[in-house]
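**Q** Dropping in start_1.txt, which is compact mmCIF, C-alpha atoms:
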# COMPACT_ATOMS: atom_id res chain seq x y z
CA MET A 1 49.17 40.35 14.76
CA VAL A 2 48.01 37.99 17.46
CA ASP A 3 45.57 39.14 20.11
CA LEU A 4 47.03 38.06 23.49
CA ARG A 5 44.78 38.31 26.51
CA ILE A 6 46.55 37.50 29.79
CA ILE A 7 44.71 37.94 33.08
CA VAL A 8 45.89 37.05 36.60
CA SER A 9 43.22 37.89 39.12
CA GLN A 10 41.32 36.79 42.19
CA ASP A 11 38.09 37.35 40.30
CA ASP A 12 36.06 34.80 38.38
CA PHE A 13 35.61 35.18 34.64
CA ASP A 14 32.71 34.77 32.20
CA LEU A 15 33.43 31.72 30.07
CA GLY A 16 30.88 32.65 27.41
CA VAL A 17 32.23 36.15 26.97
CA GLU A 18 35.80 34.85 26.83
CA ALA A 19 34.93 32.21 24.22
CA GLU A 20 33.18 34.80 22.04
CA ARG A 21 36.13 37.16 22.23
CA LEU A 22 38.21 34.49 20.50
CA GLU A 23 35.91 34.51 17.48
CA THR A 24 38.08 37.01 15.67
CA GLY A 25 38.49 37.61 11.93
CA PRO A 26 36.77 35.67 9.12
CA ASP A 27 39.81 33.40 8.66
CA THR A 28 39.49 32.05 12.23
CA GLY A 29 37.81 28.71 11.71
CA ALA A 30 38.47 27.09 15.08
CA VAL A 31 38.21 28.16 18.71
CA VAL A 32 39.20 25.85 21.56
CA THR A 33 38.75 26.62 25.25
CA PHE A 34 39.85 24.62 28.27
CA THR A 35 38.65 25.37 31.79
CA GLY A 36 40.25 24.03 34.98
CA ARG A 37 38.19 23.79 38.18
CA VAL A 38 38.86 23.03 41.84
CA ARG A 39 37.96 19.40 42.34
CA ASP A 40 37.34 17.47 45.52
CA VAL A 41 37.86 13.82 44.69
CA ALA A 42 38.42 12.39 48.17
CA GLY A 43 35.93 14.64 49.98
CA GLY A 44 36.72 16.99 52.85
CA LEU A 45 38.35 19.78 50.81
CA ARG A 46 37.41 23.14 52.28
CA HIS A 47 39.14 25.28 49.71
CA MET A 48 42.23 25.70 47.57
CA GLU A 49 44.68 28.51 48.27
CA ILE A 50 46.58 29.60 45.17
CA GLU A 51 49.73 31.66 45.58
CA HIS A 52 51.63 33.26 42.72
CA TYR A 53 54.63 35.47 41.99
CA PRO A 54 53.24 38.87 40.92
CA GLY A 55 55.24 40.26 38.02
CA MET A 56 56.86 37.01 37.00
CA THR A 57 53.48 35.32 36.57
CA GLU A 58 52.25 37.80 33.95
CA ARG A 59 55.61 37.65 32.21
CA ALA A 60 55.74 33.84 32.13
CA LEU A 61 52.15 33.58 30.86
CA THR A 62 52.78 36.16 28.16
CA ASP A 63 55.93 34.34 27.00
CA ILE A 64 54.17 30.97 26.88
CA ALA A 65 51.16 32.45 25.03
CA GLN A 66 53.43 34.19 22.51
CA ASP A 67 55.33 30.93 21.91
CA ALA A 68 52.06 29.15 21.19
CA ALA A 69 50.89 31.95 18.90
CA ASP A 70 54.13 31.84 16.89
CA ARG A 71 54.27 28.07 16.67
CA TRP A 72 50.68 27.53 15.52
CA SER A 73 50.03 30.90 13.80
CA LEU A 74 47.16 31.67 16.15
CA SER A 75 44.98 34.73 15.70
CA ALA A 76 44.17 34.98 19.42
CA VAL A 77 45.26 33.44 22.71
CA THR A 78 43.61 33.91 26.09
CA VAL A 79 45.11 32.76 29.39
CA ILE A 80 43.25 33.53 32.60
CA HIS A 81 44.49 32.20 35.94
CA ARG A 82 42.96 32.98 39.30
CA HIS A 83 44.70 33.13 42.66
CA GLY A 84 43.64 33.39 46.30
CA ARG A 85 41.00 31.25 47.98
CA LEU A 86 38.86 29.06 45.70
CA ILE A 87 36.17 26.63 46.83
CA PRO A 88 35.46 23.22 45.22
CA GLY A 89 33.76 23.68 41.88
CA ALA A 90 35.21 27.15 41.33
CA ARG A 91 36.93 27.89 38.05
CA ILE A 92 40.71 28.15 38.52
CA MET A 93 41.83 28.99 35.04
CA MET A 94 41.18 28.84 31.33
CA VAL A 95 43.09 28.86 28.11
CA GLY A 96 41.56 29.69 24.78
CA THR A 97 43.05 29.53 21.30
CA ALA A 98 41.82 30.72 17.94
CA ALA A 99 43.27 29.40 14.69
CA ARG A 100 42.38 28.71 11.07
CA HIS A 101 42.07 24.96 11.64
CA ARG A 102 41.10 22.78 14.57
CA ASP A 103 44.37 20.85 14.83
CA ALA A 104 46.27 24.05 15.58
CA ALA A 105 43.64 25.20 18.07
CA PHE A 106 43.58 21.88 19.96
CA GLU A 107 47.34 21.33 19.95
CA SER A 108 48.21 24.85 21.04
CA ALA A 109 45.67 24.67 23.90
CA SER A 110 47.27 21.43 25.03
CA PHE A 111 50.75 23.00 24.78
CA LEU A 112 49.60 25.98 26.87
CA MET A 113 48.23 23.69 29.57
CA ASP A 114 51.39 21.58 29.71
CA TYR A 115 53.54 24.68 30.13
CA LEU A 116 51.22 26.35 32.62
CA LYS A 117 51.38 23.30 34.88
CA SER A 118 55.10 23.44 35.50
CA ARG A 119 56.45 26.75 34.13
CA ALA A 120 54.05 29.40 35.45
CA PRO A 121 54.79 30.45 39.04
CA PHE A 122 51.65 29.25 40.82
CA TRP A 123 51.48 27.05 43.89
CA LYS A 124 48.36 25.30 45.16
CA LYS A 125 47.61 24.48 48.76
CA GLU A 126 44.70 22.24 49.70
CA VAL A 127 42.99 23.25 52.92
CA ARG A 128 41.10 20.21 54.24
CA GLU A 129 39.04 19.61 57.34
CA ASP A 130 42.00 17.75 58.85
CA GLY A 131 44.79 20.15 57.86
CA ALA A 132 46.46 21.90 54.95
CA GLU A 133 48.98 20.64 52.45
CA TRP A 134 50.86 22.03 49.46
CA VAL A 135 50.07 20.15 46.28
CA ALA A 136 53.17 18.30 45.06
CA SER A 137 54.26 18.64 41.46
CA LYS A 138 54.02 15.49 39.38
CA ASP A 139 56.88 13.96 37.41
CA SER A 140 54.34 13.34 34.65
CA ASP A 141 53.75 17.11 34.36
CA GLU A 142 57.45 17.66 33.73
CA ALA A 143 57.58 14.73 31.30
CA ALA A 144 54.61 16.17 29.39
CA LEU A 145 56.84 19.02 28.18
CA ASP A 146 59.09 16.60 26.29
CA ARG A 147 56.58 16.12 23.52
CA TRP A 148 56.79 19.80 22.58
CA VAL A 149 60.58 19.98 22.26
CA MET B 1 75.68 44.02 46.50
CA THR B 2 72.18 43.99 47.92
CA VAL B 3 69.63 41.62 46.43
CA GLN B 4 65.98 41.30 47.29
CA ILE B 5 65.12 37.68 47.99
CA LEU B 6 61.57 36.38 47.68
CA TYR B 7 60.26 33.08 49.04
CA PHE B 8 57.06 31.34 47.96
CA ALA B 9 54.81 28.48 49.13
CA TRP B 10 56.36 26.14 51.70
CA LEU B 11 59.77 27.82 51.45
CA ARG B 12 58.09 31.04 52.61
CA GLU B 13 56.35 29.18 55.44
CA ARG B 14 59.48 27.37 56.62
CA ILE B 15 61.67 30.47 56.54
CA GLY B 16 58.89 32.57 58.03
CA ILE B 17 59.09 35.60 55.71
CA GLY B 18 58.10 36.38 52.14
CA ARG B 19 60.90 38.76 51.27
CA GLU B 20 64.08 40.27 52.60
CA ASP B 21 67.07 42.29 51.43
CA VAL B 22 70.37 40.47 51.72
CA GLU B 23 73.89 41.81 51.38
CA THR B 24 75.96 39.28 49.47
CA ASN B 25 79.09 38.65 47.43
CA ALA B 26 77.73 35.37 46.09
CA ALA B 27 78.72 34.74 42.47
CA THR B 28 76.02 32.16 41.78
CA VAL B 29 72.62 31.11 43.04
CA ALA B 30 74.21 28.08 44.71
CA ASP B 31 76.66 30.37 46.57
CA LEU B 32 73.76 32.50 47.79
CA ILE B 33 71.92 29.41 49.05
CA ALA B 34 75.07 28.32 50.93
CA GLN B 35 75.26 31.78 52.53
CA LEU B 36 71.60 31.62 53.60
CA ARG B 37 71.90 28.08 54.95
CA ALA B 38 74.81 29.11 57.15
CA ARG B 39 72.75 31.88 58.75
CA GLU B 40 70.12 30.00 60.72
CA ASP B 41 68.55 26.57 61.09
CA ARG B 42 65.27 27.59 59.46
CA TYR B 43 67.14 28.43 56.23
CA ASP B 44 69.23 25.28 56.49
CA THR B 45 66.09 23.19 56.84
CA ALA B 46 64.20 24.95 54.05
CA PHE B 47 67.05 24.35 51.58
CA SER B 48 67.94 20.83 52.75
CA ASP B 49 66.39 19.11 49.72
CA MET B 50 67.66 21.03 46.73
CA SER B 51 65.81 18.78 44.28
CA ALA B 52 62.64 20.47 45.57
CA VAL B 53 63.88 24.05 45.09
CA ARG B 54 63.51 26.18 41.96
CA CYS B 55 64.95 29.64 41.39
CA ALA B 56 64.24 32.74 39.33
CA VAL B 57 66.67 35.63 38.91
CA ASP B 58 64.98 38.89 37.98
CA GLN B 59 61.81 36.90 37.24
CA VAL B 60 63.40 34.45 34.81
CA LEU B 61 63.76 30.75 35.72
CA VAL B 62 67.39 29.72 36.06
CA ASP B 63 69.46 26.72 37.13
CA LEU B 64 71.15 26.79 40.51
CA ASP B 65 74.58 27.34 38.97
CA ALA B 66 73.39 30.57 37.31
CA SER B 67 75.39 33.75 37.80
CA LEU B 68 74.11 36.52 40.06
CA ALA B 69 76.02 39.27 38.21
CA GLY B 70 73.75 42.33 38.09
CA ALA B 71 70.90 40.52 39.83
CA ARG B 72 68.38 42.60 41.77
CA GLU B 73 65.69 40.08 42.63
CA VAL B 74 66.16 36.39 43.42
CA ALA B 75 63.19 34.14 44.14
CA PHE B 76 63.14 30.66 45.65
CA PHE B 77 60.15 28.35 45.44
CA PRO B 78 59.08 24.72 45.09
CA PRO B 79 58.24 23.18 41.69
CA MET B 80 55.28 25.05 40.25
CA THR B 81 51.77 23.64 40.31
CA GLY B 82 49.73 25.87 38.03
CA GLY B 83 46.80 25.01 35.83
Re-express the file's structure as structure tokens.
**A**
Amino acid sequence: MVDLRIIVSQDDFDLGVEAERLETGPDTGAVVTFTGRVRDVAGGLRHMEIEHYPGMTERALTDIAQDAADRWSLSAVTVIHRHGRLIPGARIMMVGTAARHRDAAFESASFLMDYLKSRAPFWKKEVREDGAEWVASKDSDEAALDRWV
Amino acid sequence: MTVQILYFAWLRERIGIGREDVETNAATVADLIAQLRAREDRYDTAFSDMSAVRCAVDQVLVDLDASLAGAREVAFFPPMTGG
């Protein structure tokens, strides 16, 4: 029985606590976590505004996490995604996977990220000093899903 | 039938509301979009580039030719940018 932990919240999370939670039974030999943060590459970013679709978001994340758990026989999966106003440097989201072996933990974390990018109902808006703009989706994000088919 | 329609991100901004109830006989998502576009310019503009519009029916992603039979909630939004 896989331990799925899905959280959609405005609040920050404790990366250390979340990583430790994934250290489940004695047969879990590998834990991988990925954290995404608000970055300001060009300079001038005031904050990121993240909108989501309450209800569908939790459902989509749960489905994606369950798919990963089934495919790689994971013992635990954590997906945390924040919404609302986030300043540069703030954590946006994390995925964590726990498996017997590292290949499964790494691959499933990568799978989760690829699906989150273009299948979970979140939309990012960058609010800059000179105006605001919705972040466009990338063709490469859609193409990234092909390797999991 | 009455369906609740939700709009997100720039579709919400261009149409000017986040949700509304709409009375419709549309058989498919595409029919519903045609009905909305005929209402007012702001809808027509928002849906002018259909390659940039995604849809969920009752919180499940669907193609634009999907049936609306039994649908209660239809959401329109741009391609998702999570992660």
**Q** Please determine, counting all atoms listed in the file, which residue among A:Thr57, A:Leu74, A:Thr28, A:Met94 has the shortest atom-to-atom distance to Gly16 in chain A.
**A** A:Met94
**Q** Can you pull out the residues contacting range 71-75 of chain B? Cut-off 8 Å, using all atoms listed in the file, and skip same-chain residues under 2 positions away; I want them as a list of chain:residue names.
**A** B:Thr2, B:Val3, B:Gln4, B:Ile5, B:Leu6, B:Tyr7, B:Phe8, B:Cys55, B:Ala56, B:Val57, B:Asp58, B:Gln59, B:Leu68, B:Ala69, B:Phe77
**Q** Select, from A:Ser75, A:Glu20, A:Trp148, A:Tyr115, the residue with the minimum atom-to-atom distance to His101 in chain A, counting all atoms listed in the file.
**A**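 That would be A:Ser75, the residue with the smallest distance to His101 in chain A.
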**Q** What does the structure give for the distance between CA of Glu129 in chain A and CA of Asp49 in chain B, in Å to one decimal?
**A**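 About the pair CA of Glu129 in chain A and CA of Asp49 in chain B: they are 28.4 Å apart.
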**Q** Work out where the centre of an axis-aligned box around every listed atom of range 83-91 of chain A lies and how long its edges are once 5 Å is added on each side; give both in Å to one decimal as lines of an AutoDock Vina configuration file.
**A**
center_x = 39.2
center_y = 28.3
center_z = 43.0
size_x = 20.9
size_y = 20.2
size_z = 19.9
**Q** Measure the distance from CA of Val62 in chain B to CA of Leu61 in chain A in Å and round it to one decimal.
**A**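 Distance between the two atoms: 16.6 Å.
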**Q** Please compute the CA of Leu64 in chain B-CA of Glu142 in chain A distance, one decimal, in Å.
**A**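 Between CA of Leu64 in chain B and CA of Glu142 in chain A the gap is 17.8 Å.
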**Q** Using all atoms listed in the file, pick whichever of A:Val79, A:Ala19, A:Ala132, A:Ala143 has the shortest atom-to-atom distance to Gly36 in chain A.
**A**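 The closest residue to Gly36 in chain A is A:Val79.
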**Q** Measuring atom to atom with all atoms listed in the file, identify which of A:Met56, A:Ile6, A:Ala104, A:Val32 is nearest to chain B.
**A**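 Of the candidates, the smallest distance to chain B is held by A:Met56.
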**Q** Quick one: contact table of chain A to chain B, 6 Å max, nearest atom pair and distance in Å to one decimal per residue, counting all atoms listed in the file, chain and number order, as JSON lines?
**A**
{"residue": "A:Met56", "atom": "CA", "partner": "B:Gln59", "partner_atom": "CA", "distance": 5.0}
{"residue": "A:Leu116", "atom": "CA", "partner": "B:Gly83", "partner_atom": "CA", "distance": 5.6}
{"residue": "A:Lys117", "atom": "CA", "partner": "B:Gly82", "partner_atom": "CA", "distance": 4.4}
{"residue": "A:Ser118", "atom": "CA", "partner": "B:Met80", "partner_atom": "CA", "distance": 5.0}
{"residue": "A:Pro121", "atom": "CA", "partner": "B:Met80", "partner_atom": "CA", "distance": 5.6}
{"residue": "A:Phe122", "atom": "CA", "partner": "B:Gly82", "partner_atom": "CA", "distance": 4.8}
{"residue": "A:Trp123", "atom": "CA", "partner": "B:Thr81", "partner_atom": "CA", "distance": 5.0}
{"residue": "A:Ser137", "atom": "CA", "partner": "B:Thr81", "partner_atom": "CA", "distance": 5.7}
**Q** Given the choices A:Ala120, A:Leu86, A:Val31, A:Met113, which gets closest to Tyr53 in chain A if the distance is worked out from all atoms listed in the file?
**A**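 Distance minimum relative to Tyr53 in chain A lands on A:Ala120.
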**Q** As a ChimeraX atom specification, please: the residues near Gly16 in chain B (cut-off 9 Å, all atoms listed in the file, same-chain neighbours under 4 positions excluded).
**A** /B:11-12,42
**Q** Which polymer residues have any atom within 12 Å of an atom of Val17 in chain A, counting only C-alpha atoms, with same-chain residues fewer than 3 positions away left out, as a ChimeraX atom specification?
**A** /A:13-14,20-23,33,78,96
**Q** May I have the protein, DNA and RNA residues with any atom at most 6 Å from the point (72.9, 29.6, 40.5), counting all atoms listed in the file, written as a list in words?
**A**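 Answer for this query, in the requested form: Thr28, Val29, Ala30, Asp63, Leu64, Asp65, Ala66 and Ser67 of chain B.
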**Q** Write out as a ChimeraX atom specification the residues lying within 10 Å of Gly25 in chain A, counting all atoms listed in the file and excluding same-chain residues fewer than 5 positions away.
**A** /A:75-76,98-100
**Q** Between A:Met1, A:Asp114, A:Val41, A:Pro26, which is the closest to Ser73 in chain A once you count only C-alpha atoms?
**A**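 For Ser73 in chain A, the nearest of the given residues is A:Met1.
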